[in-house]
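Here is coords-v3.pdb, consisting of PDB, C-alpha atoms:
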MODEL        1
ATOM      1  CA  MET J   1       0.000   0.000   0.000
ATOM      2  CA  HIS J   2       1.237   3.471  -0.831
ATOM      3  CA  PRO J   3       1.441   5.828   2.139
ATOM      4  CA  PRO J   4      -0.924   8.850   1.997
ATOM      5  CA  THR J   5       0.571  11.845   0.246
ATOM      6  CA  ASP J   6      -0.397  15.481   0.069
ATOM      7  CA  ALA J   7      -2.245  15.218   3.390
ATOM      8  CA  VAL J   8      -2.528  18.465   5.354
ATOM      9  CA  PRO J   9       0.799  19.125   7.015
ATOM     10  CA  ALA J  10       0.352  19.826  10.695
ATOM     11  CA  ALA J  11       2.427  22.997  10.324
ATOM     12  CA  ASP J  12       0.421  24.441   7.405
ATOM     13  CA  PRO J  13      -1.923  26.890   9.148
ATOM     14  CA  HIS J  14      -3.424  28.196   5.895
ATOM     15  CA  ARG J  15      -4.727  24.804   4.768
ATOM     16  CA  VAL J  16      -5.921  23.975   8.255
ATOM     17  CA  ARG J  17      -7.800  27.270   8.476
ATOM     18  CA  LEU J  18      -9.425  26.703   5.087
ATOM     19  CA  ARG J  19     -10.579  23.247   6.108
ATOM     20  CA  GLU J  20     -12.112  24.679   9.264
ATOM     21  CA  THR J  21     -14.310  27.051   7.236
ATOM     22  CA  THR J  22     -16.201  24.400   5.283
ATOM     23  CA  PRO J  23     -17.431  20.812   5.568
ATOM     24  CA  ALA J  24     -16.192  20.261   1.984
ATOM     25  CA  ARG J  25     -13.368  17.774   1.608
ATOM     26  CA  LEU J  26     -10.309  19.920   0.952
ATOM     27  CA  PHE J  27      -6.661  18.807   0.946
ATOM     28  CA  ILE J  28      -7.607  15.227   1.730
ATOM     29  CA  GLY J  29      -4.464  13.795   0.191
ATOM     30  CA  ARG J  30      -4.176  10.520  -1.714
ATOM     31  CA  ALA J  31      -2.737   7.037  -1.451
ATOM     32  CA  GLY J  32      -1.281   6.083  -4.791
ATOM     33  CA  SER J  33      -4.040   6.763  -7.343
ATOM     34  CA  SER J  34      -6.875   6.606  -4.782
ATOM     35  CA  TYR J  35      -8.119   8.364  -1.665
ATOM     36  CA  PRO J  36      -6.621   7.514   1.703
ATOM     37  CA  THR J  37      -8.549   4.693   3.355
ATOM     38  CA  ALA J  38     -10.081   6.937   6.021
ATOM     39  CA  THR J  39     -11.375   9.360   3.395
ATOM     40  CA  LEU J  40     -12.788   6.557   1.249
ATOM     41  CA  LEU J  41     -14.625   5.035   4.214
ATOM     42  CA  SER J  42     -15.963   8.452   5.178
ATOM     43  CA  LEU J  43     -17.265   9.045   1.649
ATOM     44  CA  ARG J  44     -19.024   5.692   1.595
ATOM     45  CA  ALA J  45     -20.600   6.326   5.000
ATOM     46  CA  ASP J  46     -21.856   9.766   3.926
ATOM     47  CA  HIS J  47     -23.208   8.355   0.667
ATOM     48  CA  ALA J  48     -25.120   5.698   2.603
ATOM     49  CA  ALA J  49     -26.505   8.359   4.966
ATOM     50  CA  ALA J  50     -27.670  10.419   1.983
ATOM     51  CA  ARG J  51     -29.462   7.433   0.425
ATOM     52  CA  ASP J  52     -31.122   6.625   3.748
ATOM     53  CA  ALA J  53     -32.277  10.228   4.147
ATOM     54  CA  VAL J  54     -33.942  10.310   0.720
ATOM     55  CA  GLY J  55     -35.936   7.185   1.490
ATOM     56  CA  ALA J  56     -36.738   7.888   5.140
ATOM     57  CA  PRO J  57     -40.381   8.635   6.012
ATOM     58  CA  LEU J  58     -41.435  11.686   7.999
ATOM     59  CA  ASP J  59     -41.873  10.193  11.475
ATOM     60  CA  LEU J  60     -43.926  12.281  13.880
ATOM     61  CA  ASP J  61     -43.715   9.552  16.509
ATOM     62  CA  LEU J  62     -40.019  10.139  17.163
ATOM     63  CA  PRO J  63     -39.712  11.594  20.680
ATOM     64  CA  ARG J  64     -38.676  15.145  19.653
ATOM     65  CA  MET J  65     -41.193  15.264  16.786
ATOM     66  CA  ALA J  66     -44.000  13.861  18.962
ATOM     67  CA  ALA J  67     -43.326  16.535  21.578
ATOM     68  CA  LEU J  68     -43.470  19.165  18.850
ATOM     69  CA  ARG J  69     -46.708  17.731  17.440
ATOM     70  CA  ASP J  70     -48.397  17.731  20.825
ATOM     71  CA  ARG J  71     -47.143  21.158  21.912
ATOM     72  CA  HIS J  72     -48.101  22.993  18.719
ATOM     73  CA  ALA J  73     -51.061  20.887  17.505
ATOM     74  CA  LEU J  74     -49.118  20.040  14.368
ATOM     75  CA  MET J  75     -51.577  18.916  11.699
ATOM     76  CA  VAL J  76     -50.605  16.199   9.197
ATOM     77  CA  ALA J  77     -51.458  16.486   5.516
ATOM     78  CA  ASP J  78     -50.532  14.518   2.407
ATOM     79  CA  THR J  79     -49.802  15.472  -1.153
ATOM     80  CA  ARG J  80     -51.041  13.578  -4.183
ATOM     81  CA  ALA J  81     -47.931  11.379  -4.147
ATOM     82  CA  ASP J  82     -49.134   8.241  -2.350
ATOM     83  CA  THR J  83     -45.759   6.533  -1.940
ATOM     84  CA  ARG J  84     -42.107   7.544  -1.682
ATOM     85  CA  ARG J  85     -41.414   5.913  -5.024
ATOM     86  CA  GLU J  86     -44.204   7.921  -6.663
ATOM     87  CA  TYR J  87     -42.929  11.071  -4.990
ATOM     88  CA  LEU J  88     -39.448  10.559  -6.417
ATOM     89  CA  HIS J  89     -40.693   9.785  -9.919
ATOM     90  CA  ARG J  90     -43.517  12.371 -10.120
ATOM     91  CA  PRO J  91     -42.381  15.722  -8.655
ATOM     92  CA  ASP J  92     -45.609  17.338  -9.887
ATOM     93  CA  LEU J  93     -47.669  15.205  -7.459
ATOM     94  CA  GLY J  94     -45.606  16.432  -4.514
ATOM     95  CA  ARG J  95     -46.549  20.025  -5.342
ATOM     96  CA  ARG J  96     -50.283  19.365  -4.953
ATOM     97  CA  LEU J  97     -52.215  18.589  -1.773
ATOM     98  CA  SER J  98     -54.515  15.586  -1.778
ATOM     99  CA  ALA J  99     -58.250  16.278  -1.890
ATOM    100  CA  ALA J 100     -58.581  15.039   1.707
ATOM    101  CA  ALA J 101     -55.742  17.310   2.853
ATOM    102  CA  ARG J 102     -57.343  20.359   1.232
ATOM    103  CA  GLU J 103     -60.628  19.669   3.041
ATOM    104  CA  LEU J 104     -58.864  19.070   6.351
ATOM    105  CA  ILE J 105     -56.811  22.246   6.115
ATOM    106  CA  VAL J 106     -59.844  24.398   5.302
ATOM    107  CA  GLU J 107     -61.777  22.785   8.139
ATOM    108  CA  GLN J 108     -59.128  22.826  10.883
ATOM    109  CA  CYS J 109     -56.702  25.673  10.127
ATOM    110  CA  PRO J 110     -57.617  29.315  10.725
ATOM    111  CA  ALA J 111     -57.240  31.480   7.628
ATOM    112  CA  GLY J 112     -55.754  34.939   7.277
ATOM    113  CA  ALA J 113     -52.792  34.641   9.645
ATOM    114  CA  ASP J 114     -49.794  36.904   9.314
ATOM    115  CA  VAL J 115     -47.479  33.889   9.066
ATOM    116  CA  GLN J 116     -48.396  30.328   8.158
ATOM    117  CA  ILE J 117     -45.660  27.790   8.896
ATOM    118  CA  ALA J 118     -45.514  24.388   7.217
ATOM    119  CA  VAL J 119     -43.003  21.540   7.493
ATOM    120  CA  GLY J 120     -42.308  19.261   4.536
ATOM    121  CA  ASP J 121     -40.177  16.139   4.383
ATOM    122  CA  GLY J 122     -38.812  17.034   0.947
ATOM    123  CA  LEU J 123     -35.798  14.937   0.016
ATOM    124  CA  SER J 124     -34.572  14.495   3.588
ATOM    125  CA  ALA J 125     -36.922  13.707   6.444
ATOM    126  CA  THR J 126     -33.694  13.266   8.423
ATOM    127  CA  ALA J 127     -33.116  17.022   8.151
ATOM    128  CA  VAL J 128     -36.631  17.688   9.445
ATOM    129  CA  HIS J 129     -36.164  15.329  12.393
ATOM    130  CA  ARG J 130     -32.843  16.994  13.248
ATOM    131  CA  GLN J 131     -33.554  20.726  12.793
ATOM    132  CA  VAL J 132     -37.298  21.374  13.074
ATOM    133  CA  PRO J 133     -37.844  20.474  16.765
ATOM    134  CA  GLU J 134     -35.644  23.436  17.713
ATOM    135  CA  LEU J 135     -36.428  25.755  14.804
ATOM    136  CA  LEU J 136     -40.236  25.678  14.795
ATOM    137  CA  PRO J 137     -40.701  26.821  18.435
ATOM    138  CA  ARG J 138     -38.205  29.630  17.836
ATOM    139  CA  LEU J 139     -40.161  30.832  14.817
ATOM    140  CA  ILE J 140     -43.530  30.697  16.576
ATOM    141  CA  ALA J 141     -42.137  32.561  19.590
ATOM    142  CA  GLY J 142     -40.445  35.102  17.310
ATOM    143  CA  CYS J 143     -43.701  35.768  15.462
ATOM    144  CA  ALA J 144     -45.531  36.260  18.750
ATOM    145  CA  SER J 145     -42.908  38.712  20.014
ATOM    146  CA  ARG J 146     -43.428  40.791  16.852
ATOM    147  CA  GLY J 147     -47.207  40.795  17.275
ATOM    148  CA  TRP J 148     -47.807  38.539  14.261
ATOM    149  CA  THR J 149     -50.519  35.922  14.257
ATOM    150  CA  THR J 150     -49.536  32.398  13.198
ATOM    151  CA  GLY J 151     -51.760  29.745  11.710
ATOM    152  CA  ARG J 152     -51.850  26.156  12.892
ATOM    153  CA  PRO J 153     -48.582  24.564  11.727
ATOM    154  CA  ILE J 154     -48.928  21.803   9.138
ATOM    155  CA  ALA J 155     -46.642  18.822   8.485
ATOM    156  CA  ILE J 156     -46.830  17.698   4.863
ATOM    157  CA  ARG J 157     -45.692  14.248   3.713
ATOM    158  CA  GLN J 158     -44.192  13.698   0.241
ATOM    159  CA  CYS J 159     -43.821  17.475  -0.034
ATOM    160  CA  ARG J 160     -42.298  19.662  -2.778
ATOM    161  CA  VAL J 161     -41.770  23.421  -2.571
ATOM    162  CA  GLY J 162     -44.621  24.239  -4.975
ATOM    163  CA  VAL J 163     -47.148  23.220  -2.321
ATOM    164  CA  LEU J 164     -46.676  26.765  -1.001
ATOM    165  CA  ASN J 165     -49.074  27.963  -3.673
ATOM    166  CA  GLU J 166     -51.964  25.799  -2.485
ATOM    167  CA  LEU J 167     -51.391  26.782   1.139
ATOM    168  CA  GLY J 168     -51.664  30.404   0.069
ATOM    169  CA  GLU J 169     -54.781  29.724  -1.957
ATOM    170  CA  LEU J 170     -56.528  27.888   0.906
ATOM    171  CA  LEU J 171     -55.450  29.953   3.921
ATOM    172  CA  ARG J 172     -54.607  33.413   2.499
ATOM    173  CA  PRO J 173     -51.779  34.261   4.955
ATOM    174  CA  ARG J 174     -49.539  37.260   4.414
ATOM    175  CA  VAL J 175     -46.422  35.084   4.417
ATOM    176  CA  VAL J 176     -45.942  31.309   4.194
ATOM    177  CA  VAL J 177     -42.761  29.751   5.594
ATOM    178  CA  LEU J 178     -42.067  26.202   4.399
ATOM    179  CA  LEU J 179     -39.326  24.297   6.251
ATOM    180  CA  ILE J 180     -38.285  21.441   3.991
ATOM    181  CA  GLY J 181     -35.514  18.846   3.864
ATOM    182  CA  GLU J 182     -32.863  19.555   1.238
ATOM    183  CA  ARG J 183     -31.479  17.063  -1.246
ATOM    184  CA  PRO J 184     -28.731  15.255   0.769
ATOM    185  CA  GLY J 185     -25.132  15.564  -0.337
ATOM    186  CA  LEU J 186     -21.822  14.100   0.748
ATOM    187  CA  ALA J 187     -21.250  16.903   3.264
ATOM    188  CA  THR J 188     -24.449  16.333   5.259
ATOM    189  CA  ALA J 189     -27.846  14.660   5.015
ATOM    190  CA  GLU J 190     -29.296  16.919   7.723
ATOM    191  CA  SER J 191     -29.604  20.212   5.844
ATOM    192  CA  LEU J 192     -32.908  22.081   5.917
ATOM    193  CA  SER J 193     -34.200  24.928   3.745
ATOM    194  CA  ALA J 194     -36.727  27.653   4.549
ATOM    195  CA  TYR J 195     -38.748  28.911   1.585
ATOM    196  CA  LEU J 196     -40.767  32.087   2.092
ATOM    197  CA  ALA J 197     -43.480  33.579  -0.109
ATOM    198  CA  HIS J 198     -45.691  36.638   0.265
ATOM    199  CA  ARG J 199     -49.338  35.788  -0.412
ATOM    200  CA  PRO J 200     -48.487  32.765  -2.567
ATOM    201  CA  ARG J 201     -51.064  31.584  -5.070
ATOM    202  CA  PRO J 202     -51.320  29.212  -8.044
ATOM    203  CA  GLY J 203     -48.987  30.265 -10.814
ATOM    204  CA  HIS J 204     -46.181  31.469  -8.550
ATOM    205  CA  THR J 205     -42.741  30.089  -9.404
ATOM    206  CA  ASP J 206     -39.367  30.029  -7.666
ATOM    207  CA  ALA J 207     -38.878  33.611  -8.863
ATOM    208  CA  ASP J 208     -41.699  34.599  -6.480
ATOM    209  CA  ARG J 209     -40.048  32.967  -3.449
ATOM    210  CA  ASN J 210     -37.118  33.622  -1.138
ATOM    211  CA  LEU J 211     -34.837  30.994   0.316
ATOM    212  CA  ILE J 212     -32.550  30.488   3.280
ATOM    213  CA  SER J 213     -30.683  27.206   2.812
ATOM    214  CA  ASN J 214     -28.029  25.083   4.509
ATOM    215  CA  ILE J 215     -29.649  25.117   7.932
ATOM    216  CA  HIS J 216     -27.613  22.576   9.882
ATOM    217  CA  ASP J 217     -24.880  22.409  12.505
ATOM    218  CA  SER J 218     -22.012  23.038  10.057
ATOM    219  CA  GLY J 219     -23.925  25.571   7.947
ATOM    220  CA  VAL J 220     -26.443  28.123   9.237
ATOM    221  CA  PRO J 221     -27.111  27.201  12.890
ATOM    222  CA  VAL J 222     -30.744  27.059  13.951
ATOM    223  CA  PRO J 223     -30.706  30.222  16.150
ATOM    224  CA  GLU J 224     -29.216  32.261  13.285
ATOM    225  CA  ALA J 225     -31.651  30.693  10.813
ATOM    226  CA  ALA J 226     -34.622  31.645  12.987
ATOM    227  CA  ASP J 227     -33.467  35.268  13.170
ATOM    228  CA  ARG J 228     -32.890  35.418   9.410
ATOM    229  CA  ILE J 229     -36.271  33.854   8.585
ATOM    230  CA  LEU J 230     -38.105  36.315  10.822
ATOM    231  CA  ALA J 231     -36.178  39.281   9.415
ATOM    232  CA  LEU J 232     -36.909  38.136   5.874
ATOM    233  CA  ALA J 233     -40.602  37.668   6.663
ATOM    234  CA  ALA J 234     -40.674  41.248   7.949
ATOM    235  CA  ALA J 235     -38.995  42.443   4.750
ATOM    236  CA  LEU J 236     -41.583  40.642   2.620
ATOM    237  CA  MET J 237     -44.426  42.204   4.584
ATOM    238  CA  ALA J 238     -42.877  45.654   4.279
ATOM    239  CA  ALA J 239     -42.318  45.248   0.534
ATOM    240  CA  GLY J 240     -45.723  43.669  -0.088
ATOM    241  CA  ARG J 241     -44.105  41.053  -2.323
ATOM    242  CA  SER J 242     -41.533  38.273  -2.369
ATOM    243  CA  GLY J 243     -39.061  36.824  -4.811
ATOM    244  CA  VAL J 244     -36.041  38.068  -6.653
ATOM    245  CA  GLY J 245     -36.904  41.730  -6.032
ATOM    246  CA  VAL J 246     -36.567  41.392  -2.254
ATOM    247  CA  LYS J 247     -33.124  40.779  -0.755
ATOM    248  CA  GLU J 248     -32.001  39.888   2.728
ATOM    249  CA  LEU J 249     -30.479  42.825   4.535
ATOM    250  CA  PRO J 250     -26.958  42.186   5.835
ATOM    251  CA  SER J 251     -26.939  41.322   9.519
ATOM    252  CA  GLY J 252     -25.345  43.644  12.016
TER     253      GLY J 252
ENDMDL
END

Will you turn the file into structure tokens for me?
Amino acid sequence: MHPPTDAVPAADPHRVRLRETTPARLFIGRAGSSYPTATLLSLRADHAAARDAVGAPLDLDLPRMAALRDRHALMVADTRADTRREYLHRPDLGRRLSAAARELIVEQCPAGADVQIAVGDGLSATAVHRQVPELLPRLIAGCASRGWTTGRPIAIRQCRVGVLNELGELLRPRVVVLLIGERPGLATAESLSAYLAHRPRPGHTDADRNLISNIHDSGVPVPEAADRILALAAALMAAGRSGVGVKELPSG
């Protein structure tokens, strides 16, 4: 076996500092024509975690999710994708609520709130299980401290981002915040996104939405994400619109 070469020298502070700024695999070295064994094993483990995250179901019976469901009366709704396989092969079905979900939401969720929060499994229920139990209470408390009303939070299974439009059509909130699991990569399978839209309605596209992504321990930490989401929601309300014409203000 060839010994690893080009690994980060202990005395190279520049490379070490660069590696500390990102979870990306930088200066990993090599062993002959391949990766060092430790790197190769790490890649395989992260790839397996990503595959597991894509296929994992949204589980509201996990202890932290169950506590969240009970504390905030989290309502469960489904899209028109009946199975995970159908969800992966038919993205259009994940953008539409089922007929039963539409009836349930109209019946049990108050309309006209300032902020309506929804949680979608997206491509990583693992990200939802990891980040949402801390993020959702922070958002609800932050809305209350600003004097905003919040609708009943909704958990949506087999969910794509376009479902925002139907939530806006049914509940007519000023702003919808959708917390949704991101497509897993080899850096993490626990990354969450927050999509925001001002008065979303059928026909809106990604150009009508704003996004805060990479919400995870090595990206945007949950407390910072909560502050940024609330600040962006305020900006959307002030502008009376969302999308590419509204930018996040720099913090500080």

Please indicate the distance in Å from CA of Gln116 (chain J) to CA of Asp70 (chain J), rounded to one decimal place.
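Taking CA of Gln116 (chain J) as the start and CA of Asp70 (chain J) as the end point, the length is 17.9 Å.
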
Near His72 (chain J), within 12 Å and counting all atoms listed in the file, which residues show up once chain neighbours fewer than 4 positions away are dropped, as a list in words?
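Near neighbours after the sequence-gap exclusion: Met65, Ala66, Ala67, Leu68, Val76, Ile117, Ala118, Pro133, Leu136, Pro137, Arg138, Leu139, Ile140, Ala141, Thr150, Gly151, Arg152, Pro153, Ile154 and Ala155 of chain J.
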
Quick one: everything within 10 Å of Gly94 (chain J), counting all atoms listed in the file, minus sequence neighbours fewer than 2 positions away in the same chain. Send it as number ranges by chain.
J: 78-82, 84, 86-92, 96-98, 122, 156-163

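The shell of residues at most 10 Å from Asp227 (chain J), with all atoms listed in the file counted and near chain neighbours (fewer than 3 positions) removed, consists of Arg138, Leu139, Gly142, Val222, Pro223, Glu224, Leu230, Ala231, Leu232, Ala233 and Ser251 of chain J.
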
Give me, please, the distance in Å between CA of Cys109 (chain J) and CA of Arg146 (chain J), quoted to one decimal.
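If I compute the distance from CA of Cys109 (chain J) to CA of Arg146 (chain J), I get 21.2 Å.
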
Test item: axis-aligned box, all listed atoms of region 159-169 of chain J, 8 Å on each side, centre and edges in Å rounded to one decimal, as JSON:
{"center_x": -48.3, "center_y": 23.9, "center_z": -1.9, "size_x": 29.0, "size_y": 28.9, "size_z": 22.1}

Name the closest residue to Leu123 (chain J) among the candidates J:Leu93, J:Val177, J:Ala50, J:Ala73; distances are taken between atoms, counting only C-alpha atoms.
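Of J:Leu93, J:Val177, J:Ala50, J:Ala73, the one nearest Leu123 (chain J) is J:Ala50, counting only C-alpha atoms.
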
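CA of Ala239 (chain J) to CA of Leu74 (chain J) spans 29.5 Å [interatomic distance, one decimal].
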
8 Å contact set for Ile105 (chain J), all atoms listed in the file, chain neighbours under 4 positions out, as a list of chain:residue names:
J:Ala77, J:Ala101, J:Cys109, J:Leu170

Run the PyMOL selection byres ((chain J and resi 244) around 8) on the file and write out the hits as an MDAnalysis selection string.
chainID J and resid 207:210 242:243 245:247

Do a neighbour search on Leu186 (chain J) at 10 Å with all atoms listed in the file, toss out local chain neighbours closer than 5 positions, and write the hits as a PyMOL selection string.
chain J and resi 23-25+42-50

Do you know which residues the PyMOL selection byres ((chain J and resi 169) around 12) returns on this file, as a compact mmCIF listing (two decimals) with C-alpha atoms, in the coordinates of the input?
# COMPACT_ATOMS: atom_id res chain seq x y z
CA ARG J 96 -50.28 19.36 -4.95
CA LEU J 97 -52.22 18.59 -1.77
CA ARG J 102 -57.34 20.36 1.23
CA ILE J 105 -56.81 22.25 6.12
CA VAL J 106 -59.84 24.40 5.30
CA ALA J 111 -57.24 31.48 7.63
CA GLY J 112 -55.75 34.94 7.28
CA GLN J 116 -48.40 30.33 8.16
CA GLY J 162 -44.62 24.24 -4.97
CA VAL J 163 -47.15 23.22 -2.32
CA LEU J 164 -46.68 26.76 -1.00
CA ASN J 165 -49.07 27.96 -3.67
CA GLU J 166 -51.96 25.80 -2.48
CA LEU J 167 -51.39 26.78 1.14
CA GLY J 168 -51.66 30.40 0.07
CA LEU J 170 -56.53 27.89 0.91
CA LEU J 171 -55.45 29.95 3.92
CA ARG J 172 -54.61 33.41 2.50
CA PRO J 173 -51.78 34.26 4.96
CA ARG J 174 -49.54 37.26 4.41
CA VAL J 175 -46.42 35.08 4.42
CA VAL J 176 -45.94 31.31 4.19
CA HIS J 198 -45.69 36.64 0.26
CA ARG J 199 -49.34 35.79 -0.41
CA PRO J 200 -48.49 32.76 -2.57
CA ARG J 201 -51.06 31.58 -5.07
CA PRO J 202 -51.32 29.21 -8.04
CA GLY J 203 -48.99 30.26 -10.81
CA HIS J 204 -46.18 31.47 -8.55

Let me make sure I understand: among J:Ser213, J:Ser33, J:Thr149, J:Thr39, which one has the smallest atom-to-atom distance to Arg228 (chain J) if we use only C-alpha atoms?
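Nearest candidate to Arg228 (chain J) out of J:Ser213, J:Ser33, J:Thr149, J:Thr39: J:Ser213.
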
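Restricting the calculation to all atoms listed in the file, the smallest distance between Ile180 (chain J) and any of J:Ala125, J:Ala99, J:Ile229, J:Ala31 is found for J:Ala125.
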
Minimum-distance residue to Glu20 (chain J), chosen among J:Gly185, J:Gly219, J:Gly147, J:Gly120 (using only C-alpha atoms):
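Ranking J:Gly185, J:Gly219, J:Gly147, J:Gly120 by distance to Glu20 (chain J), first place goes to J:Gly219.
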